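**Q** Sharing a structure below in structure tokens format, with a few things to ask.
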Amino acid sequence: MNTKNNSNQAVPNYTVPLITITLLFFMWGFITCMNDILIPYLKKLFDLTFVESMLVQFCFFGAYFLGSLTYFVFSYYKGDPINKVGYKKGILSGILLSALGCILFFPAATFSVYGLFLGALFVLGLGFTILQITANAYVSLLGSEESASGRLNMTQAFNAFGTTIAPILGGYLVFGPGGDHNITAEATRIPYLVFAGILILVAILIYNVKLPSFQTEETEHGGLGALKFLQLRLGILGIFCYVGGEVAVGSFIISFLELDSIGGLTEAVSKNYLAMYWGGAMIGRFLGAISLNQSINASKKALYMILTAGAVFVLIYAIVNLTFSQMSFFLVFLVLNFFAFMIGKSAPARTLALFASINIVLLLLSIFTTGKMAMYSILGIGIFNSIMFSNIYTLSIAGLGKYTSQGSSLLVMAILGGALIPLIQGVLADSDFGVQKSFIVPVFCYLYILCFGLYCAKNLKFVEHSRNVSGH
């Protein structure tokens, strides 16, 4: 990707823009994770089945598919719209559309109509689709190409920080300090108006901050040339399975922990464990940023990873309302994650296959055991989800050349998995399978990711040490 700026000269001036965009990533992650709070809340409020409650994710992530499909078709026939209007305007439009989605929660809550809630989530998803297309790419341009991986992983780590505290703060705002008693539709009005206000303030901040302007060179080509690459075709399904599996597990954690055979916990307690699931992804992304940094020698890399894991664990401990004994089990997953990175040796395909294998084992333990073993296993999945999106994305577009942009658009469409996979799991949860056995659905998702990783490890040797890109 060529730009009109000399990145070596402009890097010192990118600090403020990067901090500003990182704030956006934080809010983006926070509001996205609020869906996991909305699902059990709306399920009880409207007396929904699991399938009906999963329409929350269907509408939100379905907007990703329709939005990116519209963007792809427009860019294919008329040229890349972001390249025409600029990244700054693209980011601002995404923020304002997301703010509108949050504002629409007010009439939805006032009239207490489930369909209006779903409509608000759809608009919110459209706004985040624009941010998905623009913000990640923009961060990669704020500095040298060599350091792009570090910037992207760091901003995504703060995105994960938002998903970590959302279950705590968001759960408090929606369910109140006493848990899930006296649930009313009005409980979502103030929180989402606050979110809208914060997004508007971020938009004003970005509007007034001088952001560097970039423009890419467009390449003319006809047809869907990107689809001639097998790794892309396989990777599209890989993104579909990853996003679907990650969202499905997160969506059902609270209902899973409520089961008497697992923990018998209330939403007020479960939201703290949900924060640990997403907190694991945050830790993994920080560790991934270090592990994939080729400029650090092995001994320093190991030391930095240990110190970072410890620091972020302490941060999560300070956030969640759990005792050390209640969350000490997570230290086992930190150690396992560290050694998994060491075994993966910074090779995207190998690390992806290894992490997918671990998640398959954890899911099977969640399905076929009970009590703390099942509970801890489901919560450990988050830390091994951390680098999956970025690795699948990187491997899928490897060697696409002039078709890279087209391939990227197709990969964004595959986020549709977040809409469909939870819905499929909801069907099983409503049936005789029940909630616990319904986790067989994400097992198949991670099984495919394992196969994709093994395929790429064997056939894409030339990208095994290439730089990584951002997470979902």
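Here, A, B, ... name the chains of the structure tokens in the order displayed, residue numbers run from 1 inside each chain, and ligands are numbered from 1 in the same displayed order.
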Could you pull the residues within 6 Å of stretch 110-121 of chain A, counting only C-alpha atoms, minus those fewer than 5 positions along the same chain, as a list in words?
**A**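 Counting only the stated atoms, we get Phe60, Gly101, Leu104, Phe105 and Ala185 of chain A.
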**Q** For the residues in the current selection, export all heavy atoms as a PDB file, in the first residue's frame.
**A**
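Output contents, as saved in selection.pdb:
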ATOM      1  N   PHE A  60     -27.065  -7.676  14.955  1.00  0.00           N
ATOM      2  CA  PHE A  60     -25.839  -6.889  15.085  1.00  0.00           C
ATOM      3  C   PHE A  60     -24.794  -7.335  14.065  1.00  0.00           C
ATOM      4  O   PHE A  60     -24.259  -6.521  13.302  1.00  0.00           O
ATOM      5  CB  PHE A  60     -25.297  -7.029  16.511  1.00  0.00           C
ATOM      6  CG  PHE A  60     -24.071  -6.201  16.773  1.00  0.00           C
ATOM      7  CD1 PHE A  60     -24.178  -4.842  17.039  1.00  0.00           C
ATOM      8  CD2 PHE A  60     -22.811  -6.769  16.764  1.00  0.00           C
ATOM      9  CE1 PHE A  60     -23.054  -4.070  17.280  1.00  0.00           C
ATOM     10  CE2 PHE A  60     -21.673  -6.016  17.009  1.00  0.00           C
ATOM     11  CZ  PHE A  60     -21.799  -4.653  17.268  1.00  0.00           C
ATOM     12  N   GLY A 101     -27.335   4.534  16.543  1.00  0.00           N
ATOM     13  CA  GLY A 101     -27.820   3.235  16.998  1.00  0.00           C
ATOM     14  C   GLY A 101     -28.046   3.217  18.500  1.00  0.00           C
ATOM     15  O   GLY A 101     -29.039   2.664  18.994  1.00  0.00           O
ATOM     16  N   LEU A 104     -31.184   5.142  19.463  1.00  0.00           N
ATOM     17  CA  LEU A 104     -32.413   4.421  19.152  1.00  0.00           C
ATOM     18  C   LEU A 104     -32.838   3.468  20.263  1.00  0.00           C
ATOM     19  O   LEU A 104     -33.977   2.982  20.268  1.00  0.00           O
ATOM     20  CB  LEU A 104     -32.243   3.649  17.838  1.00  0.00           C
ATOM     21  CG  LEU A 104     -32.154   4.511  16.575  1.00  0.00           C
ATOM     22  CD1 LEU A 104     -31.888   3.656  15.344  1.00  0.00           C
ATOM     23  CD2 LEU A 104     -33.427   5.319  16.390  1.00  0.00           C
ATOM     24  N   PHE A 105     -31.939   3.201  21.213  1.00  0.00           N
ATOM     25  CA  PHE A 105     -32.330   2.384  22.361  1.00  0.00           C
ATOM     26  C   PHE A 105     -33.353   3.117  23.230  1.00  0.00           C
ATOM     27  O   PHE A 105     -34.120   2.474  23.961  1.00  0.00           O
ATOM     28  CB  PHE A 105     -31.100   2.017  23.207  1.00  0.00           C
ATOM     29  CG  PHE A 105     -30.426   0.755  22.771  1.00  0.00           C
ATOM     30  CD1 PHE A 105     -29.562   0.753  21.692  1.00  0.00           C
ATOM     31  CD2 PHE A 105     -30.660  -0.436  23.437  1.00  0.00           C
ATOM     32  CE1 PHE A 105     -28.930  -0.411  21.285  1.00  0.00           C
ATOM     33  CE2 PHE A 105     -30.047  -1.606  23.038  1.00  0.00           C
ATOM     34  CZ  PHE A 105     -29.179  -1.604  21.958  1.00  0.00           C
ATOM     35  N   ALA A 185     -37.673  -2.417  30.918  1.00  0.00           N
ATOM     36  CA  ALA A 185     -37.099  -1.978  29.645  1.00  0.00           C
ATOM     37  C   ALA A 185     -36.345  -0.662  29.799  1.00  0.00           C
ATOM     38  O   ALA A 185     -35.371  -0.401  29.085  1.00  0.00           O
ATOM     39  CB  ALA A 185     -38.205  -1.834  28.604  1.00  0.00           C
TER      40      ALA A 185
END
**Q** I'd like the neighbourhood of A:Val249 as a tab-separated table (two decimals) with N, CA, C and O atoms, in the first residue's frame, where a residue qualifies if any of its atoms comes within 8 Å (using only C-alpha atoms), though same-chain residues fewer than 6 positions away should be ignored.
**A**
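So result-v2.tsv came out as:
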chain	number	residue	atom	x	y	z
A	378	ILE	N	-14.68	-23.36	30.10
A	378	ILE	CA	-15.35	-22.43	29.17
A	378	ILE	C	-14.74	-21.04	29.27
A	378	ILE	O	-14.63	-20.31	28.28
A	439	PHE	N	-22.86	-26.44	23.19
A	439	PHE	CA	-21.52	-25.96	22.89
A	439	PHE	C	-20.79	-26.86	21.89
A	439	PHE	O	-19.64	-26.58	21.53
A	442	PRO	N	-19.75	-24.58	18.60
A	442	PRO	CA	-18.43	-23.97	18.44
A	442	PRO	C	-17.29	-24.99	18.35
A	442	PRO	O	-16.22	-24.65	17.83
**Q** Which residues are close to A:Phe61, i.e. within 6 Å by only C-alpha atoms, leaving aside same-chain residues fewer than 3 positions away? Reply as a list in words.
**A**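 Residues meeting the cut-off are Gln57, Phe58, Tyr64, Leu416, Gly418 and Ala419 of chain A.
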**Q** Those residues you just picked out, can you put them in a file as a CSV table (one decimal), in the first residue's frame with N, CA, C and O atoms?
**A**
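Result file selection34.csv:
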chain,number,residue,atom,x,y,z
A,57,GLN,N,-27.5,-11.0,18.5
A,57,GLN,CA,-26.3,-11.2,17.7
A,57,GLN,C,-26.6,-11.3,16.2
A,57,GLN,O,-25.8,-10.8,15.4
A,58,PHE,N,-27.7,-11.8,15.8
A,58,PHE,CA,-28.1,-12.0,14.4
A,58,PHE,C,-28.2,-10.6,13.8
A,58,PHE,O,-27.7,-10.4,12.7
A,64,TYR,N,-23.0,-6.3,9.9
A,64,TYR,CA,-21.7,-6.4,9.4
A,64,TYR,C,-21.7,-7.0,8.0
A,64,TYR,O,-21.0,-6.4,7.1
A,416,LEU,N,-20.3,-12.4,9.3
A,416,LEU,CA,-21.6,-12.9,9.4
A,416,LEU,C,-21.8,-14.1,10.3
A,416,LEU,O,-22.8,-14.4,10.9
A,418,GLY,N,-20.8,-14.4,13.2
A,418,GLY,CA,-21.3,-13.9,14.5
A,418,GLY,C,-22.8,-13.8,14.6
A,418,GLY,O,-23.4,-13.7,15.7
A,419,ALA,N,-23.5,-13.7,13.5
A,419,ALA,CA,-24.9,-13.7,13.4
A,419,ALA,C,-25.6,-15.0,13.4
A,419,ALA,O,-26.6,-15.3,14.1
**Q** Find the residues near stretch 52-55 of chain A: any atom within 6 Å, counting only C-alpha atoms, skip ones fewer than 3 places away on the same chain, and give them as a ChimeraX atom specification.
**A** /A:39,43,48-49,58-59,423
**Q** From the list A:Ala157, A:Ile316, A:Ile421, A:Leu230, which residue is nearest A:Asn459 when using only C-alpha atoms?
**A**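 Closest to A:Asn459, using only C-alpha atoms: A:Leu230.
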**Q** Calculated over only C-alpha atoms, which of the candidates A:Val56, A:Phe452, A:Phe240, A:Val194 has the smallest distance to A:Arg350?
**A**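 Among the listed residues, the smallest separation from A:Arg350 belongs to A:Phe452.
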**Q** Of the candidates A:Val443, A:Ile130, A:Leu234, A:Leu257, which shows the shortest atom-to-atom distance to A:Met373, using only C-alpha atoms?
**A** A:Leu257
**Q** Can you tell me how far atom CA of A:Tyr376 sits from atom CA of A:Phe26, in Å to one decimal?
**A**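 So the answer is 26.3 Å.
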**Q** Could you tell me which of A:Phe25, A:Tyr192, A:Phe355, A:Tyr77 comes closest to A:Leu454 if we count only C-alpha atoms?
**A**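 Looking at the shortest contact to A:Leu454, the residue is A:Phe355.
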**Q** Pick out the closest residue to A:Gly225 from this set: A:Tyr76, A:Tyr41, A:Tyr242, A:Phe313. Count only C-alpha atoms.
**A**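 Among the listed residues, the smallest separation from A:Gly225 belongs to A:Tyr76.
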**Q** Just the number, please: distance in Å from atom CA of A:Val435 to atom CA of A:Asp47, one decimal.
**A**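 One can read the atom CA of A:Val435 to atom CA of A:Asp47 distance as 16.7 Å.
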**Q** For A:Gly162, find every residue with an atom within 9 Å (counting only C-alpha atoms), except residues of its own chain fewer than 6 positions away, and show them as a ChimeraX atom specification.
**A** /A:25-33,278
**Q** Quick one: residues within 12 Å of A:Tyr304, only C-alpha atoms counted, chain neighbours fewer than 2 positions away excluded, as a PyMOL selection string?
**A** chain A and resi 286-291+293+296-302+306-311+338
**Q** Find, counting only C-alpha atoms, the residue in A:Ser396, A:Thr323, A:Gln406, A:Ser438 that gets nearest to A:Gly453.
**A** A:Ser396
